[in-house]
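For reference, run21.cif (mmCIF, C-alpha atoms):
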```cif
data_target
loop_
_atom_site.label_atom_id
_atom_site.label_comp_id
_atom_site.auth_asym_id
_atom_site.auth_seq_id
_atom_site.Cartn_x
_atom_site.Cartn_y
_atom_site.Cartn_z
CA MET L 1 0.00 0.00 0.00
CA ILE L 2 1.25 3.46 -0.82
CA PHE L 3 1.73 5.47 2.39
CA ASP L 4 0.07 2.73 4.47
CA GLY L 5 -3.29 3.43 2.82
CA PHE L 6 -3.25 7.10 3.76
CA LEU L 7 -2.80 8.34 0.20
CA ALA L 8 -6.51 9.02 -0.31
CA GLN L 9 -6.68 10.96 2.96
CA LEU L 10 -3.68 13.08 2.01
CA LEU L 11 -5.20 13.87 -1.39
CA LEU L 12 -8.55 14.70 0.21
CA GLY L 13 -6.74 16.99 2.66
CA THR L 14 -4.90 18.65 -0.21
CA TRP L 15 -8.22 19.36 -1.90
CA ILE L 16 -9.56 20.97 1.30
CA THR L 17 -6.38 23.05 1.61
CA ILE L 18 -6.83 24.27 -1.99
CA LYS L 19 -10.52 25.06 -1.37
CA LEU L 20 -9.65 26.95 1.82
CA ALA L 21 -6.91 28.95 0.11
CA GLY L 22 -9.16 29.68 -2.88
CA CYS L 23 -12.06 30.96 -0.76
CA ALA L 24 -9.71 33.03 1.39
CA LEU L 25 -8.16 34.50 -1.77
CA VAL L 26 -11.53 35.63 -3.12
CA LEU L 27 -12.51 37.12 0.25
CA GLY L 28 -9.05 38.65 0.69
CA LEU L 29 -9.01 40.31 -2.74
CA SER L 30 -12.43 41.87 -2.10
CA LEU L 31 -11.40 43.00 1.38
CA GLY L 32 -8.16 44.33 -0.07
CA ILE L 33 -10.02 46.58 -2.52
CA ILE L 34 -12.48 47.66 0.18
CA GLY L 35 -9.56 48.35 2.55
CA MET L 36 -7.74 50.32 -0.14
CA LEU L 37 -10.83 52.42 -0.87
CA GLY L 38 -11.41 52.90 2.86
CA SER L 39 -7.89 53.92 3.77
CA THR L 40 -7.74 56.47 0.93
CA SER L 41 -11.30 57.72 1.49
CA LYS L 42 -12.06 61.43 1.73
CA ILE L 43 -14.17 60.82 4.85
CA SER L 44 -11.62 61.11 7.67
CA GLY L 45 -13.50 58.87 10.10
CA LEU L 46 -13.67 56.02 7.61
CA ARG L 47 -10.04 56.57 6.65
CA TYR L 48 -8.75 56.37 10.24
CA LEU L 49 -10.95 53.40 11.06
CA SER L 50 -9.74 51.34 8.11
CA ARG L 51 -6.12 52.34 8.71
CA ILE L 52 -6.31 51.29 12.37
CA PHE L 53 -8.00 48.02 11.42
CA ILE L 54 -5.36 47.27 8.76
CA SER L 55 -2.46 47.95 11.16
CA LEU L 56 -4.11 45.83 13.85
CA ILE L 57 -4.41 42.81 11.56
CA ARG L 58 -0.90 43.29 10.20
CA GLY L 59 0.57 43.59 13.69
CA LEU L 60 -1.04 40.50 15.18
CA PRO L 61 0.39 36.98 14.74
CA GLU L 62 -1.65 34.98 12.19
CA LEU L 63 -2.28 32.19 14.67
CA LEU L 64 -3.77 34.61 17.19
CA VAL L 65 -6.08 36.16 14.57
CA LEU L 66 -7.24 32.66 13.67
CA PHE L 67 -7.87 31.68 17.31
CA PHE L 68 -9.59 34.96 17.96
CA ILE L 69 -11.96 34.47 15.04
CA TYR L 70 -12.58 30.81 15.83
CA PHE L 71 -13.14 31.05 19.58
CA GLY L 72 -14.17 34.71 19.73
CA SER L 73 -16.72 34.98 16.91
CA GLY L 74 -18.74 32.03 18.17
CA PHE L 75 -18.74 33.65 21.62
CA ILE L 76 -19.85 37.04 20.27
CA LEU L 77 -22.50 35.61 17.91
CA THR L 78 -23.90 33.51 20.73
CA LYS L 79 -24.11 36.62 22.94
CA ILE L 80 -25.85 38.61 20.18
CA VAL L 81 -28.35 36.00 19.00
CA GLY L 82 -28.96 34.50 22.43
CA GLN L 83 -28.50 30.91 21.38
CA TYR L 84 -25.42 28.79 20.77
CA ILE L 85 -23.90 29.30 17.34
CA GLU L 86 -20.95 27.27 16.17
CA VAL L 87 -18.53 28.79 13.67
CA THR L 88 -16.99 25.90 11.72
CA SER L 89 -13.23 25.73 11.45
CA PHE L 90 -13.48 26.13 7.66
CA THR L 91 -15.48 29.37 7.96
CA ALA L 92 -13.19 30.69 10.68
CA GLY L 93 -10.17 29.79 8.56
CA VAL L 94 -11.53 31.53 5.46
CA ILE L 95 -12.42 34.66 7.46
CA ALA L 96 -9.09 34.83 9.31
CA LEU L 97 -6.90 34.16 6.27
CA GLY L 98 -9.08 36.46 4.14
CA LEU L 99 -8.71 39.27 6.68
CA ILE L 100 -4.93 38.85 6.83
CA PHE L 101 -4.64 38.69 3.03
CA GLY L 102 -6.95 41.68 2.67
CA ALA L 103 -4.99 43.82 5.16
CA TYR L 104 -1.73 43.29 3.26
CA ALA L 105 -3.39 43.42 -0.18
CA SER L 106 -4.92 46.83 0.60
CA GLN L 107 -1.35 48.21 0.86
CA THR L 108 -0.37 46.49 -2.39
CA PHE L 109 -3.41 47.94 -4.18
CA LYS L 110 -2.71 51.38 -2.75
CA GLY L 111 0.81 51.31 -4.20
CA ALA L 112 -0.47 49.93 -7.50
CA PHE L 113 -3.07 52.68 -7.93
CA ARG L 114 -0.48 55.29 -7.01
CA ALA L 115 1.75 53.99 -9.80
CA ILE L 116 -0.83 54.88 -12.48
CA PRO L 117 0.01 58.23 -14.09
CA LYS L 118 -2.39 61.01 -13.06
CA GLY L 119 -3.05 61.81 -16.72
CA GLN L 120 -5.00 58.56 -17.14
CA ASN L 121 -7.57 59.66 -14.59
CA GLU L 122 -7.69 63.17 -16.01
CA ALA L 123 -8.10 61.92 -19.58
CA ALA L 124 -10.95 59.62 -18.53
CA ASN L 125 -12.57 62.52 -16.71
CA ALA L 126 -12.17 64.75 -19.75
CA LEU L 127 -13.89 62.11 -21.86
CA GLY L 128 -16.83 62.32 -19.47
CA LEU L 129 -16.65 58.76 -18.08
CA SER L 130 -18.46 58.21 -14.80
CA GLN L 131 -16.41 57.57 -11.64
CA ARG L 132 -17.49 53.94 -11.59
CA ARG L 133 -16.46 53.36 -15.20
CA ILE L 134 -13.13 55.09 -14.62
CA PHE L 135 -12.47 52.73 -11.71
CA TRP L 136 -13.51 49.51 -13.50
CA TYR L 137 -12.32 50.19 -17.05
CA ILE L 138 -9.36 52.55 -16.69
CA LEU L 139 -7.77 52.31 -13.24
CA LEU L 140 -8.32 48.71 -12.11
CA PRO L 141 -6.91 46.99 -15.23
CA GLN L 142 -3.77 49.13 -15.03
CA ALA L 143 -3.40 48.76 -11.27
CA TRP L 144 -3.71 45.00 -11.72
CA ARG L 145 -0.41 44.91 -13.57
CA HIS L 146 1.41 46.75 -10.78
CA ALA L 147 -0.32 44.74 -8.06
CA LEU L 148 0.30 41.24 -9.47
CA PRO L 149 3.88 40.68 -8.21
CA GLY L 150 2.88 41.80 -4.69
CA LEU L 151 -0.28 39.72 -4.79
CA SER L 152 1.67 36.64 -5.86
CA ASN L 153 3.85 36.99 -2.75
CA LEU L 154 0.75 37.33 -0.59
CA TRP L 155 -0.72 34.22 -2.21
CA PHE L 156 2.33 32.19 -1.18
CA VAL L 157 2.01 33.45 2.38
CA LEU L 158 -1.70 32.58 2.32
CA LEU L 159 -1.09 29.11 0.92
CA LYS L 160 1.45 28.36 3.65
CA ASP L 161 -0.72 29.88 6.38
CA THR L 162 -3.52 27.44 5.55
CA ALA L 163 -1.49 24.86 7.49
CA LEU L 164 -2.37 26.80 10.66
CA VAL L 165 -6.07 26.04 10.24
CA SER L 166 -5.29 22.39 11.04
CA LEU L 167 -4.70 23.62 14.61
CA ILE L 168 -8.40 24.47 15.00
CA GLY L 169 -9.37 21.05 13.72
CA LEU L 170 -10.01 21.48 9.99
CA ALA L 171 -9.30 18.17 8.20
CA ASP L 172 -6.90 19.78 5.73
CA LEU L 173 -3.63 18.35 4.36
CA MET L 174 -1.68 19.14 7.55
CA ASN L 175 -4.31 17.69 9.85
CA ASN L 176 -4.59 14.46 7.84
CA ALA L 177 -0.81 14.19 7.82
CA GLN L 178 -0.81 14.47 11.62
CA ILE L 179 -3.41 11.70 11.88
CA ALA L 180 -1.43 9.51 9.50
CA ALA L 181 1.82 10.27 11.34
CA SER L 182 0.48 9.31 14.73
CA SER L 183 -1.37 6.18 13.66
CA THR L 184 1.52 4.74 11.62
CA GLN L 185 4.32 5.98 13.91
CA LYS L 186 6.08 7.38 10.84
CA PRO L 187 6.00 11.13 11.43
CA PHE L 188 9.03 11.91 9.27
CA THR L 189 7.64 10.14 6.20
CA PHE L 190 4.27 11.84 6.39
CA PHE L 191 5.44 15.34 7.25
CA ALA L 192 8.07 15.12 4.51
CA VAL L 193 5.41 14.04 2.00
CA THR L 194 3.22 16.91 3.22
CA GLY L 195 6.11 19.30 2.69
CA VAL L 196 6.54 18.00 -0.87
CA ILE L 197 2.82 18.49 -1.59
CA TYR L 198 2.96 22.09 -0.32
CA LEU L 199 6.10 22.60 -2.40
CA LEU L 200 4.24 21.32 -5.47
CA LEU L 201 1.33 23.69 -4.77
CA THR L 202 3.61 26.70 -4.36
CA THR L 203 5.72 25.81 -7.41
CA VAL L 204 2.69 25.32 -9.66
CA SER L 205 1.15 28.60 -8.51
CA GLN L 206 4.50 30.29 -9.11
CA TYR L 207 4.26 29.24 -12.77
CA VAL L 208 0.65 30.39 -13.01
CA PHE L 209 1.52 33.78 -11.53
CA ASN L 210 4.56 34.18 -13.78
CA TYR L 211 2.30 33.51 -16.77
CA PHE L 212 -0.17 36.18 -15.65
CA ILE L 213 2.58 38.67 -14.81
CA GLN L 214 4.06 38.20 -18.28
CA ARG L 215 0.61 38.39 -19.86
CA SER L 216 -0.19 41.62 -18.01
CA ASN L 217 3.00 43.13 -19.45
CA ARG L 218 2.44 41.90 -23.00
CA HIS L 219 1.74 45.39 -24.34
CA LEU L 220 5.25 46.39 -23.26
CA ALA L 221 6.78 44.32 -26.06
CA HIS L 222 10.10 46.14 -25.96
CA LEU L 223 10.80 45.17 -22.35
CA MET G 1 -14.15 41.68 30.35
CA ASN G 2 -13.28 40.05 33.62
CA LEU G 3 -10.36 41.94 35.12
CA SER G 4 -9.93 39.84 38.24
CA LEU G 5 -9.66 36.70 36.10
CA ILE G 6 -6.90 38.31 34.06
CA LEU G 7 -5.11 39.48 37.21
CA ALA G 8 -5.31 35.98 38.67
CA HIS G 9 -3.56 34.58 35.61
CA LEU G 10 -1.05 37.43 35.32
CA PRO G 11 1.95 35.39 36.58
CA GLN G 12 1.24 32.74 33.93
CA LEU G 13 0.97 35.38 31.21
CA ILE G 14 4.29 36.94 32.27
CA GLN G 15 5.92 33.52 32.27
CA GLY G 16 4.59 32.95 28.75
CA LEU G 17 5.88 36.34 27.64
CA ILE G 18 9.34 35.49 28.96
CA THR G 19 9.35 32.22 26.99
CA THR G 20 8.27 34.12 23.85
CA LEU G 21 11.09 36.65 24.32
CA GLU G 22 13.64 33.89 24.95
CA LEU G 23 12.54 32.02 21.83
CA MET G 24 12.71 35.21 19.83
CA GLY G 25 16.15 36.22 21.12
CA VAL G 26 17.82 32.87 20.49
CA THR G 27 16.12 32.49 17.09
CA LEU G 28 17.26 35.97 16.11
CA LEU G 29 20.89 35.24 17.05
CA PHE G 30 20.93 31.85 15.31
CA GLY G 31 19.01 32.99 12.23
CA LEU G 32 21.07 36.13 11.74
CA SER G 33 24.42 34.33 12.10
CA LEU G 34 23.36 31.50 9.77
CA GLY G 35 21.97 34.07 7.30
CA LEU G 36 25.28 35.96 7.32
CA VAL G 37 27.28 32.75 6.83
CA LEU G 38 25.05 31.68 3.90
CA THR G 39 25.30 35.14 2.34
CA VAL G 40 29.10 35.11 2.53
CA LEU G 41 29.22 31.55 1.18
CA SER G 42 27.00 32.40 -1.78
CA SER G 43 29.05 35.52 -2.56
CA LEU G 44 32.11 33.29 -3.11
CA ASN G 45 30.81 32.42 -6.62
CA ARG G 46 31.27 28.66 -6.31
CA TRP G 47 28.47 27.00 -8.29
CA TYR G 48 28.02 24.07 -5.85
CA LEU G 49 27.67 26.46 -2.89
CA THR G 50 25.21 28.72 -4.70
CA LYS G 51 23.17 25.75 -5.96
CA THR G 52 22.96 24.20 -2.47
CA ILE G 53 21.98 27.49 -0.84
CA ASN G 54 19.36 28.18 -3.53
CA ALA G 55 17.88 24.72 -3.02
CA PHE G 56 17.76 25.32 0.76
CA ILE G 57 16.00 28.67 0.26
CA PHE G 58 13.56 27.09 -2.21
CA LEU G 59 12.68 24.31 0.24
CA ILE G 60 12.23 26.66 3.19
CA ARG G 61 10.22 29.27 1.29
CA GLY G 62 8.01 26.74 -0.45
CA THR G 63 6.76 24.90 2.65
CA PRO G 64 4.81 26.08 5.70
CA LEU G 65 6.82 26.72 8.86
CA LEU G 66 4.47 24.38 10.72
CA VAL G 67 5.53 21.49 8.48
CA GLN G 68 9.22 22.33 9.04
CA LEU G 69 8.69 22.47 12.79
CA PHE G 70 6.84 19.15 12.84
CA ILE G 71 9.49 17.45 10.70
CA ILE G 72 12.17 18.56 13.15
CA TYR G 73 10.31 17.92 16.40
CA TYR G 74 8.10 14.90 15.61
CA GLY G 75 9.76 13.60 12.44
CA ILE G 76 13.31 13.07 13.69
CA GLY G 77 12.03 10.61 16.32
CA GLN G 78 11.15 8.14 13.55
CA PHE G 79 14.83 7.24 13.18
CA ALA G 80 15.45 4.78 15.99
CA TRP G 81 19.24 4.78 15.57
CA LEU G 82 19.31 8.53 16.18
CA ARG G 83 17.73 8.13 19.58
CA ASP G 84 20.82 6.30 20.82
CA THR G 85 23.22 9.07 19.80
CA SER G 86 23.93 12.23 21.77
CA LEU G 87 22.06 14.21 19.08
CA TRP G 88 18.88 12.98 20.71
CA LEU G 89 19.65 15.16 23.75
CA PHE G 90 19.08 18.08 21.37
CA PHE G 91 16.10 16.82 19.41
CA LYS G 92 14.09 15.69 22.42
CA GLN G 93 13.83 19.25 23.71
CA PRO G 94 10.94 21.24 22.24
CA PHE G 95 12.72 24.57 22.85
CA ALA G 96 15.82 23.50 20.89
CA CYS G 97 13.69 22.12 18.04
CA ALA G 98 11.59 25.27 17.87
CA VAL G 99 14.68 27.49 17.75
CA LEU G 100 16.23 25.25 15.07
CA ALA G 101 13.06 25.37 12.92
CA PHE G 102 12.48 29.10 13.33
CA GLY G 103 16.18 29.88 12.88
CA LEU G 104 16.52 27.84 9.67
CA ASN G 105 13.34 29.47 8.37
CA THR G 106 14.40 33.04 9.07
CA SER G 107 17.95 32.42 7.84
CA ALA G 108 16.60 31.54 4.38
CA TYR G 109 14.64 34.81 4.16
CA THR G 110 17.55 36.77 5.68
CA THR G 111 19.96 35.34 3.10
CA GLU G 112 17.66 36.44 0.27
CA LEU G 113 17.46 39.89 1.85
CA PHE G 114 21.22 40.26 2.33
CA ARG G 115 22.01 38.99 -1.16
CA GLY G 116 19.69 41.62 -2.56
CA ALA G 117 21.38 44.24 -0.39
CA ILE G 118 24.84 43.24 -1.62
CA LYS G 119 23.61 43.57 -5.20
CA ALA G 120 22.40 47.09 -4.34
CA ILE G 121 25.92 48.26 -3.43
CA PRO G 122 27.12 50.64 -6.17
CA ARG G 123 29.61 48.91 -8.44
CA GLY G 124 32.04 51.81 -8.06
CA GLU G 125 32.59 51.11 -4.37
CA ILE G 126 33.72 47.55 -5.09
CA GLU G 127 35.94 48.78 -7.91
CA ALA G 128 37.41 51.43 -5.63
CA CYS G 129 38.33 48.72 -3.10
CA GLN G 130 39.96 46.64 -5.81
CA ALA G 131 41.82 49.68 -7.10
CA LEU G 132 43.15 50.27 -3.57
CA GLY G 133 44.41 46.68 -3.58
CA MET G 134 42.20 45.41 -0.77
CA SER G 135 42.03 41.65 -0.28
CA ASN G 136 38.64 39.99 -0.70
CA THR G 137 38.32 39.35 3.05
CA LEU G 138 39.17 42.93 3.96
CA MET G 139 36.70 44.25 1.38
CA LEU G 140 33.98 41.90 2.62
CA CYS G 141 34.42 42.83 6.29
CA HIS G 142 34.99 46.56 5.94
CA ILE G 143 33.00 47.60 2.89
CA VAL G 144 30.58 45.01 1.54
CA LEU G 145 28.98 43.71 4.75
CA PRO G 146 28.59 47.08 6.54
CA ARG G 147 27.12 48.64 3.39
CA ALA G 148 24.79 45.69 2.83
CA LEU G 149 23.63 45.82 6.46
CA GLN G 150 22.70 49.47 5.97
CA PHE G 151 20.66 48.64 2.88
CA ALA G 152 19.04 45.63 4.55
CA LEU G 153 18.23 47.22 7.91
CA PRO G 154 14.79 48.68 7.10
CA ALA G 155 13.62 45.39 5.54
CA TYR G 156 15.20 43.37 8.34
CA SER G 157 12.79 44.91 10.83
CA ASN G 158 9.99 43.09 8.96
CA GLU G 159 11.93 39.87 9.38
CA VAL G 160 12.22 40.43 13.15
CA ILE G 161 8.47 41.01 13.35
CA MET G 162 7.98 37.80 11.34
CA ILE G 163 10.09 35.95 13.92
CA LEU G 164 7.90 37.30 16.72
CA LYS G 165 4.83 36.07 14.85
CA CYS G 166 6.51 32.71 14.17
CA THR G 167 7.12 32.08 17.86
CA THR G 168 3.36 31.59 18.32
CA LEU G 169 3.80 28.23 16.57
CA ALA G 170 5.94 27.03 19.49
CA SER G 171 2.67 26.34 21.30
CA THR G 172 2.14 23.40 18.91
CA VAL G 173 5.21 21.55 20.22
CA THR G 174 4.18 21.69 23.89
CA LEU G 175 6.03 24.95 24.65
CA LEU G 176 4.14 27.41 26.81
CA ASP G 177 4.96 30.70 25.13
CA LEU G 178 2.46 33.56 25.37
CA THR G 179 0.10 31.93 22.84
CA GLY G 180 0.55 28.51 24.41
CA MET G 181 -0.24 29.96 27.82
CA VAL G 182 -3.36 31.67 26.49
CA ARG G 183 -4.50 28.43 24.86
CA LEU G 184 -3.98 26.64 28.16
CA ILE G 185 -5.87 29.28 30.16
CA ASN G 186 -8.60 29.27 27.49
CA ALA G 187 -9.03 25.52 27.89
CA GLU G 188 -9.25 25.91 31.67
CA THR G 189 -11.54 28.94 31.96
CA TYR G 190 -13.42 29.17 28.62
CA ALA G 191 -12.87 32.94 28.84
CA SER G 192 -11.66 33.10 25.23
CA LEU G 193 -12.09 36.75 24.43
CA GLU G 194 -10.36 38.29 27.45
CA PHE G 195 -7.13 36.38 27.17
CA PHE G 196 -6.85 36.53 23.39
CA LEU G 197 -7.35 40.29 23.62
CA VAL G 198 -4.65 40.60 26.29
CA ALA G 199 -2.25 38.44 24.26
CA GLY G 200 -3.04 40.46 21.13
CA ALA G 201 -2.32 43.71 22.95
CA ILE G 202 1.02 42.36 24.21
CA TYR G 203 2.03 41.25 20.69
CA LEU G 204 1.08 44.66 19.30
CA LEU G 205 3.17 46.35 22.01
CA LEU G 206 6.16 44.14 21.22
CA ASN G 207 5.70 44.96 17.53
CA GLY G 208 5.65 48.66 18.30
CA GLY G 209 8.81 48.23 20.38
CA ILE G 210 10.61 46.46 17.53
CA MET G 211 9.60 49.16 15.04
CA ALA G 212 10.70 51.94 17.41
CA LEU G 213 14.05 50.20 17.97
CA PHE G 214 14.68 49.84 14.24
CA GLY G 215 13.59 53.43 13.63
CA TYR G 216 16.23 54.50 16.18
CA LEU G 217 18.88 52.23 14.64
CA GLU G 218 18.15 53.60 11.16
CA LYS G 219 18.58 57.13 12.42
CA LYS G 220 21.85 56.25 14.15
CA LEU G 221 23.36 54.02 11.47
CA ILE G 222 21.99 55.22 8.15
CA LYS G 223 21.30 58.94 8.35
CA PRO G 224 24.91 59.98 9.16
CA LEU G 225 26.15 58.13 6.08
CA ALA G 226 23.52 59.26 3.63
#
```

Structure translated into structure tokens:
Amino acid sequence: MIFDGFLAQLLLGTWITIKLAGCALVLGLSLGIIGMLGSTSKISGLRYLSRIFISLIRGLPELLVLFFIYFGSGFILTKIVGQYIEVTSFTAGVIALGLIFGAYASQTFKGAFRAIPKGQNEAANALGLSQRRIFWYILLPQAWRHALPGLSNLWFVLLKDTALVSLIGLADLMNNAQIAASSTQKPFTFFAVTGVIYLLLTTVSQYVFNYFIQRSNRHLAHL
Amino acid sequence: MNLSLILAHLPQLIQGLITTLELMGVTLLFGLSLGLVLTVLSSLNRWYLTKTINAFIFLIRGTPLLVQLFIIYYGIGQFAWLRDTSLWLFFKQPFACAVLAFGLNTSAYTTELFRGAIKAIPRGEIEACQALGMSNTLMLCHIVLPRALQFALPAYSNEVIMILKCTTLASTVTLLDLTGMVRLINAETYASLEFFLVAGAIYLLLNGGIMALFGYLEKKLIKPLA
């Protein structure tokens, strides 16, 4: 038997890890854009609030944010609703990792939007485009190119941080590896295999990101 | 918030904080020295050294720290022959394993950082050293490393903060650092929010301290030379 019959479990765990990272990425990207808009907002209250929130998340250890969401949100929701509400480890993981990704991504987006020449915005304004259209059709596609390298780094951090969610009991790759390690008494084999799987995930996503980074620069043929 | 509950557990929290600071200090020393050694080795332009160091960095950066920690702490025990050697005295201690895992991890990132900093040194400064007839060792110790440290200092503060955040993982290998202590208290009292908030506040304070320290160092070390 390959891996003492634990191969299927490891693969299942890998799939859950990918799902977790994917959901957290979607949430994180949205939060990143919201955070960017908030921290550059003209309303000073909103601006300070989002800046404080972003620095809080960035300053706290990832594990603590995860524990806080997992143990804390259930506690708060129960207090509010008046009956016991359980936040699943998957939900808590997606929220925590999404928040962390979003806090860092908001800074990346801020830099990316700043890198767009002012003339682009002015030209779009002169053409009479609405603010929403300027954002979606002129600014965002250009900011995307500047943001991609930073976002790819954040994705690697996110992918590796998913391992932490095993500590609150999600049956992801890491958790299944722990079960396999303790029941077969072969911890080195299973953690090494787990490491290789994570390495595969990061390497493959590296190629995907490199493709998109190159694609986003394809109009700069001379570079 | 239940203040008296927090006060009752204050000694435990302080004990946890001390463990966190110890972990961080030893990791910092080990990681920085190993990072410096790897940087110097890879600047020697020997292909086998560079290849090996690149492979090490690739492995460390491509896998989660938790996996690295578990391989070192739980994984090594799989080799029965190793348990009879004196190495086992090292690997059976969670503190030593945690420091080894965190130190190896941070050294990989530090090496990347320092190599980038060495590349950022203006070519003319190296040429000036060669024109003055300096030996490679003299140039490395007196020009290249000090200059690279200046370039790397602002980014290195991020690395130190990363180390602080990493130490929270020590709670997974039975160590009672601040996070481990809070997890223990949480399991005993079910007062999740209070203690996680206190721990969060302490981590934020430590972070602020690190940033203030590096701000001071930058002023002292970089401004006069700019």

Applying the PyMOL selection byres ((chain L and resi 178) around 12) to the file I just gave you, which residues come out? Please list them as a PyMOL selection string.
(chain L and resi 6+9-10+13+163+166-167+169-177+179-194) or (chain G and resi 66-67+70-71+74-75+172)

Return the neighbours of chain L among the residues of chain G, cut-off 7 Å, counting all atoms listed in the file, as a CSV table (one decimal) with C-alpha atoms, keeping the file's coordinate frame.
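Ended up saving to result.csv:
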```
chain,number,residue,atom,x,y,z
G,62,GLY,CA,8.0,26.7,-0.4
G,63,THR,CA,6.8,24.9,2.6
G,64,PRO,CA,4.8,26.1,5.7
G,66,LEU,CA,4.5,24.4,10.7
G,67,VAL,CA,5.5,21.5,8.5
G,70,PHE,CA,6.8,19.2,12.8
G,71,ILE,CA,9.5,17.4,10.7
G,74,TYR,CA,8.1,14.9,15.6
G,75,GLY,CA,9.8,13.6,12.4
G,76,ILE,CA,13.3,13.1,13.7
G,78,GLN,CA,11.2,8.1,13.6
G,165,LYS,CA,4.8,36.1,14.8
G,168,THR,CA,3.4,31.6,18.3
G,192,SER,CA,-11.7,33.1,25.2
G,193,LEU,CA,-12.1,36.8,24.4
G,196,PHE,CA,-6.8,36.5,23.4
G,200,GLY,CA,-3.0,40.5,21.1
G,203,TYR,CA,2.0,41.2,20.7
G,204,LEU,CA,1.1,44.7,19.3
G,207,ASN,CA,5.7,45.0,17.5
```

I need the output of the PyMOL selection byres ((chain L and resi 92) around 9) for this file as a PyMOL selection string; which residues are they?
chain L and resi 66-67+69-71+73+87-91+93-97+165+168

List as an NGL selection string the protein and nucleic acid residues near Arg133 of chain L, meaning an atom at most 10 Å away when only C-alpha atoms are counted, but skip any in the same chain fewer than 6 places from it.
:L and (124 or 139-140)

Would you mind listing what lies within 9 Å of Ala105 of chain L as an mmCIF file with C-alpha atoms, in the frame of the given file, with only C-alpha atoms counted and same-chain residues fewer than 6 positions away left out?
```
data_model
loop_
_atom_site.group_PDB
_atom_site.id
_atom_site.type_symbol
_atom_site.label_atom_id
_atom_site.label_comp_id
_atom_site.auth_asym_id
_atom_site.auth_seq_id
_atom_site.Cartn_x
_atom_site.Cartn_y
_atom_site.Cartn_z
ATOM 1 C CA GLY L 28 -9.050 38.650 0.690
ATOM 2 C CA LEU L 29 -9.010 40.310 -2.740
ATOM 3 C CA LEU L 31 -11.400 43.000 1.380
ATOM 4 C CA GLY L 32 -8.160 44.330 -0.070
ATOM 5 C CA ILE L 33 -10.020 46.580 -2.520
ATOM 6 C CA GLY L 35 -9.560 48.350 2.550
ATOM 7 C CA MET L 36 -7.740 50.320 -0.140
ATOM 8 C CA ALA L 147 -0.320 44.740 -8.060
ATOM 9 C CA GLY L 150 2.880 41.800 -4.690
ATOM 10 C CA LEU L 151 -0.280 39.720 -4.790
ATOM 11 C CA LEU L 154 0.750 37.330 -0.590
#
```

Could you tell me, as a list in words, exactly which residues end up selected when the PyMOL selection byres ((chain G and resi 19) around 10) is applied to this structure?
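Checking the PyMOL selection byres ((chain G and resi 19) around 10) against this file, the residues are Leu13, Ile14, Gln15, Gly16, Leu17, Ile18, Thr20, Leu21, Glu22, Leu23, Met24, Gly25, Phe95, Thr167, Ala170, Leu175, Leu176, Asp177, Leu178, Gly180 and Met181 of chain G.
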
Rounded to one decimal, what separation in Å do you get between atom CA of Arg147 of chain G and atom CA of Ile118 of chain G?
7.7 Å

Write out as a PyMOL selection string the residues lying within 8 Å of segment 118-123 of chain L, counting all atoms listed in the file and excluding same-chain residues fewer than 3 positions away.
chain L and resi 126-127+134+138-139

Using all atoms listed in the file for the distances, tell me which of G:Pro11, G:Ile72, G:Leu82, G:Ser107 is nearest to Ser33 of chain G.
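That would be G:Ser107, the residue with the smallest distance to Ser33 of chain G.
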
Within 10 Å of His9 of chain G, counting all atoms listed in the file, which residues qualify if same-chain residues fewer than 3 places away don't, as a ChimeraX atom specification?
/G:4-6,12-14,181-182,185,195

File of the preceding selection, C-alpha atoms, as a CSV table (one decimal), in the frame of the given file:
```csv
chain,number,residue,atom,x,y,z
G,4,SER,CA,-9.9,39.8,38.2
G,5,LEU,CA,-9.7,36.7,36.1
G,6,ILE,CA,-6.9,38.3,34.1
G,12,GLN,CA,1.2,32.7,33.9
G,13,LEU,CA,1.0,35.4,31.2
G,14,ILE,CA,4.3,36.9,32.3
G,181,MET,CA,-0.2,30.0,27.8
G,182,VAL,CA,-3.4,31.7,26.5
G,185,ILE,CA,-5.9,29.3,30.2
G,195,PHE,CA,-7.1,36.4,27.2
```

Around segment 135-139 of chain L, with edges along x, y and z and 6 Å added on all six sides, what centre and edge lengths do you get, in Å to one decimal, as JSON?
```
{"center_x": -10.6, "center_y": 51.1, "center_z": -14.4, "size_x": 17.7, "size_y": 15.2, "size_z": 17.3}
```

Can you pull out every residue within 12 Å of Ile53 of chain G, counting only C-alpha atoms, but drop anything in the same chain fewer than 5 positions away, and send it as a list of chain:residue names?
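Here the answer would be G:Leu34, G:Gly35, G:Val37, G:Leu38, G:Thr39, G:Val40, G:Leu41, G:Ser42, G:Ser43, G:Leu44, G:Asn45, G:Arg46, G:Trp47, G:Tyr48, G:Phe58, G:Leu59, G:Ile60, G:Leu104, G:Ser107, G:Ala108, G:Tyr109, G:Thr111, G:Glu112, G:Arg115.
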
Identify which of the residues G:Ala187, G:Cys141, G:Cys97, G:Ile222 lies closest to Leu153 of chain G, counting all atoms listed in the file when measuring atom-to-atom distances.
G:Ile222

What is the atom CA of Ser30 of chain L to atom CA of Arg61 of chain G distance in Å?
26.1 Å

Suppose you want the space between atom CA of Asn158 of chain G and atom CA of Ile210 of chain G; what is it in Å?
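We find that atom CA of Asn158 of chain G and atom CA of Ile210 of chain G lie 9.2 Å from each other.
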